[in-house]
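Engineer: Let me begin by handing over the structure; questions about it come next.
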Amino acid sequence: MLIEEERLAYWINNFYGYGTWNARIWFIGYEEGGGDLPEEVAEKFNYLYNGHQTFSTLCDVREVYRHVAFRQSGAKANLISNHYEYRFDRSATLHGVWKNLIAFAHGYRKEALTDILTYQKEQFLLPDAGREALIKLYPLPCPHNHGWYYSWLDLPLLGFLKSRTLYEEHVYDMRIQHILENMSAYRPDVVLMYGMNNITRLKQSVQKFFPDVSFKMVKAIKQLMPQYHRADLGATTLLITTQLPALHHNRIETGFDWLQLGRTIANP
């Protein structure tokens, strides 16, 4: 399946993530996951291009995933046909990052955390529930190895895709402006930006949009709290951290207690 220039451009300009802007808790990841296979990327682009989202809305992750075929090998290869079944159906697998986002949300809402997988399947990011949104600072799906496969595409009108640096520079201002405008308009209770590697620039962008805001850095506590930068934007608490809510190379000593972080932010 070919990646078409017009559909890729439409994705860049319209895809901001999953859930609803009305959600009380926003998670903002550095970029959209996936991207190992061009077929998977093309299926996402095609879904959006066919009229399932506009600039002003977020996607329903369950509907997107129904349109993305499951191509991984392993024990579930013959049992699962698409990503919806992989993450939300009866044989769903717990997502390594989502489980910690779910824990953070439960901690912040002062809810008991019981069955994370059931919550992932039945409630996480449901647009109608308005509980969480998962937004992406950068839109293009990229694999965990951070490879930049888009440079191989022959897309004359999208020359900025020749390198990740050019791409990020090209889209950053538009996307952070739209995110901050919506943050001001919808006033979520808490926004957690995670896995960020451009902390200084992000803080400058926030302070340009909210001139009276200042940040406080909170130091890490090993295996308990990640280091993060906090700003209070009126009704919204903004957190920015370089940490990804997942274990690094599956080593337990690289993790943090995201449930406790949520509780701490709710009760500073």
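Identifiers in the structure tokens: chain A, B, ... in order shown; residue index from 1 per chain; ligand index from 1 in order shown.
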Can you tell me which residues surround range 143-160 of chain A at a distance of at most 10 Å, considering only C-alpha atoms, apart from same-chain residues fewer than 2 positions away, and format the answer as a PyMOL selection string?
Structural biologist: chain A and resi 2-6+8-9+31-38+140-141+162-171
Engineer: I need the residues from that last selection saved to file as a compact mmCIF listing (two decimals), in the first residue's frame (with N, CA, C and O atoms), if you can.
Structural biologist:
# COMPACT_ATOMS: atom_id res chain seq x y z
N LEU A 2 0.64 2.15 -0.95
CA LEU A 2 1.47 3.33 -1.09
C LEU A 2 1.03 4.44 -0.14
O LEU A 2 -0.16 4.60 0.16
N ILE A 3 2.00 5.22 0.34
CA ILE A 3 1.71 6.42 1.11
C ILE A 3 1.56 7.56 0.11
O ILE A 3 2.51 7.91 -0.58
N GLU A 4 0.37 8.14 0.05
CA GLU A 4 0.09 9.18 -0.93
C GLU A 4 0.34 10.57 -0.33
O GLU A 4 -0.02 10.84 0.82
N GLU A 5 0.92 11.42 -1.13
CA GLU A 5 1.35 12.74 -0.67
C GLU A 5 0.19 13.55 -0.09
O GLU A 5 0.31 14.13 1.01
N GLU A 6 -0.93 13.60 -0.78
CA GLU A 6 -2.06 14.40 -0.33
C GLU A 6 -2.59 13.91 1.00
O GLU A 6 -2.95 14.70 1.88
N LEU A 8 -0.90 12.12 3.30
CA LEU A 8 0.09 12.38 4.34
C LEU A 8 0.01 13.83 4.80
O LEU A 8 0.04 14.12 6.01
N ALA A 9 -0.10 14.76 3.85
CA ALA A 9 -0.20 16.18 4.19
C ALA A 9 -1.46 16.45 5.00
O ALA A 9 -1.44 17.24 5.96
N GLU A 31 5.18 12.13 20.01
CA GLU A 31 4.77 11.86 18.64
C GLU A 31 3.89 10.62 18.60
O GLU A 31 3.83 9.85 19.55
N GLU A 32 3.20 10.44 17.50
CA GLU A 32 2.35 9.27 17.29
C GLU A 32 3.21 8.01 17.19
O GLU A 32 4.28 8.01 16.56
N GLY A 33 2.77 6.92 17.82
CA GLY A 33 3.50 5.67 17.77
C GLY A 33 3.24 4.89 16.49
O GLY A 33 2.43 5.27 15.65
N GLY A 34 3.92 3.79 16.36
CA GLY A 34 3.81 2.96 15.16
C GLY A 34 4.81 3.40 14.12
O GLY A 34 5.85 3.97 14.43
N GLY A 35 4.50 3.15 12.87
CA GLY A 35 5.37 3.62 11.81
C GLY A 35 6.43 2.65 11.35
O GLY A 35 7.26 2.99 10.51
N ASP A 36 6.43 1.44 11.91
CA ASP A 36 7.43 0.45 11.47
C ASP A 36 7.15 -0.03 10.05
O ASP A 36 8.08 -0.38 9.32
N LEU A 37 5.87 -0.10 9.70
CA LEU A 37 5.48 -0.62 8.38
C LEU A 37 4.74 0.44 7.60
O LEU A 37 3.82 1.09 8.12
N PRO A 38 5.09 0.66 6.33
CA PRO A 38 4.39 1.67 5.53
C PRO A 38 2.91 1.37 5.36
O PRO A 38 2.10 2.28 5.24
N LEU A 140 3.34 12.57 12.82
CA LEU A 140 3.65 11.40 12.00
C LEU A 140 4.00 10.18 12.86
O LEU A 140 4.78 10.29 13.82
N PRO A 141 3.45 9.01 12.53
CA PRO A 141 3.80 7.79 13.26
C PRO A 141 5.28 7.47 13.12
O PRO A 141 5.83 7.46 12.02
N LYS A 162 12.57 15.39 4.43
CA LYS A 162 13.88 14.79 4.16
C LYS A 162 14.66 14.52 5.44
O LYS A 162 15.57 13.70 5.47
N SER A 163 14.34 15.22 6.51
CA SER A 163 14.99 14.94 7.80
C SER A 163 14.00 15.20 8.92
O SER A 163 13.08 16.02 8.78
N ARG A 164 14.21 14.51 10.04
CA ARG A 164 13.35 14.71 11.21
C ARG A 164 13.46 16.16 11.71
O ARG A 164 12.46 16.77 12.09
N THR A 165 14.68 16.72 11.69
CA THR A 165 14.87 18.09 12.17
C THR A 165 14.06 19.08 11.35
O THR A 165 13.40 19.97 11.89
N LEU A 166 14.12 18.96 10.03
CA LEU A 166 13.36 19.85 9.15
C LEU A 166 11.85 19.71 9.40
O LEU A 166 11.12 20.69 9.45
N TYR A 167 11.42 18.48 9.54
CA TYR A 167 9.99 18.20 9.77
C TYR A 167 9.52 18.82 11.08
O TYR A 167 8.49 19.52 11.12
N GLU A 168 10.26 18.58 12.16
CA GLU A 168 9.84 19.10 13.45
C GLU A 168 9.83 20.63 13.45
O GLU A 168 8.93 21.27 14.01
N GLU A 169 10.83 21.23 12.81
CA GLU A 169 10.87 22.69 12.73
C GLU A 169 9.70 23.23 11.92
O GLU A 169 9.13 24.27 12.24
N HIS A 170 9.32 22.50 10.88
CA HIS A 170 8.25 22.94 9.99
C HIS A 170 6.89 22.94 10.68
O HIS A 170 6.09 23.85 10.47
N VAL A 171 6.62 21.94 11.52
CA VAL A 171 5.27 21.80 12.08
C VAL A 171 5.14 22.33 13.51
O VAL A 171 4.01 22.52 13.98
Engineer: Give me, as an mmCIF file with C-alpha atoms, in the first residue's frame, all polymer residues having an atom no more than 6 Å from range 232-248 of chain A, counting only C-alpha atoms and skipping those fewer than 2 positions away in the same chain.
Structural biologist:
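Final file, around10.cif:
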data_model
loop_
_atom_site.group_PDB
_atom_site.id
_atom_site.type_symbol
_atom_site.label_atom_id
_atom_site.label_comp_id
_atom_site.auth_asym_id
_atom_site.auth_seq_id
_atom_site.Cartn_x
_atom_site.Cartn_y
_atom_site.Cartn_z
ATOM 1 C CA GLY A 96 3.085 -0.369 28.055
ATOM 2 C CA VAL A 97 2.578 3.412 28.145
ATOM 3 C CA ASN A 100 0.835 4.245 33.409
ATOM 4 C CA ARG A 187 -9.300 24.506 30.395
ATOM 5 C CA PRO A 188 -8.535 20.879 31.283
ATOM 6 C CA ASP A 189 -7.755 20.174 34.923
ATOM 7 C CA VAL A 190 -4.281 18.775 34.238
ATOM 8 C CA VAL A 191 -2.032 18.398 31.188
ATOM 9 C CA LEU A 192 0.872 15.944 31.300
ATOM 10 C CA MET A 193 3.411 16.352 28.495
ATOM 11 C CA TYR A 194 5.690 13.313 28.604
ATOM 12 C CA GLY A 195 8.706 12.020 26.691
ATOM 13 C CA MET A 196 9.652 15.556 25.647
ATOM 14 C CA ASN A 197 13.212 16.335 24.547
ATOM 15 C CA TYR A 228 9.081 17.454 35.884
ATOM 16 C CA HIS A 229 8.442 21.131 35.289
ATOM 17 C CA ARG A 230 5.156 22.500 36.635
ATOM 18 C CA ASN A 250 11.833 -3.488 30.591
ATOM 19 C CA ARG A 251 14.070 -2.785 33.602
ATOM 20 C CA THR A 254 13.873 2.662 35.262
ATOM 21 C CA GLY A 255 10.199 3.073 36.183
#
Engineer: List every residue of range 94-186 of chain A that DSSP, applied to the backbone of this structure, places in strand (DSSP E or B), and write the result as a list in words.
Structural biologist: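 Selecting the strand (DSSP E or B) positions of range 94-186 of chain A gives Glu132, Ala133, Leu134, Ile135, Lys136, Leu137 and Tyr138 of chain A.
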Engineer: Output the selection as a compact mmCIF listing (two decimals), in the first residue's frame - N, CA, C and O atoms for each residue.
Structural biologist:
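Written out: again33.txt:
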# COMPACT_ATOMS: atom_id res chain seq x y z
N GLU A 132 -10.26 11.44 29.39
CA GLU A 132 -8.87 11.64 28.98
C GLU A 132 -8.78 11.96 27.49
O GLU A 132 -9.63 11.53 26.70
N ALA A 133 -7.76 12.70 27.14
CA ALA A 133 -7.37 12.91 25.75
C ALA A 133 -5.91 12.54 25.61
O ALA A 133 -5.11 12.77 26.53
N LEU A 134 -5.54 11.93 24.48
CA LEU A 134 -4.15 11.60 24.19
C LEU A 134 -3.76 12.37 22.93
O LEU A 134 -4.18 12.03 21.82
N ILE A 135 -2.99 13.42 23.12
CA ILE A 135 -2.64 14.36 22.06
C ILE A 135 -1.17 14.15 21.69
O ILE A 135 -0.35 13.76 22.53
N LYS A 136 -0.83 14.41 20.42
CA LYS A 136 0.54 14.23 19.96
C LYS A 136 1.13 15.56 19.52
O LYS A 136 0.55 16.27 18.69
N LEU A 137 2.30 15.90 20.09
CA LEU A 137 2.96 17.14 19.69
C LEU A 137 3.35 17.09 18.22
O LEU A 137 3.15 18.05 17.48
N TYR A 138 3.90 15.96 17.79
CA TYR A 138 4.24 15.75 16.39
C TYR A 138 3.37 14.63 15.83
O TYR A 138 3.19 13.60 16.47
Engineer: Within 9 Å of Tyr119 in chain A, counting only C-alpha atoms, which residues qualify if same-chain residues fewer than 5 places away don't, as a list in words?
Structural biologist: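 Here the qualifying residues turn out to be Ile102, Thr114 and Phe124 of chain A.
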Engineer: Among range 69-138 of chain A, which ones does DSSP assign to helix (DSSP H, G or I) (computed from the backbone)? Answer as JSON, numbers by chain.
Structural biologist: {"A": [83, 84, 85, 86, 87, 88, 98, 99, 100, 101, 102, 103, 104, 105, 106, 107, 108, 116, 117, 118, 119, 120, 121, 122]}
Engineer: Taking only C-alpha atoms into account, name the residue in A:Ser81, A:Gln223, A:Asn46, A:Ser91 that is nearest to Val64 in chain A.
Structural biologist: A:Asn46
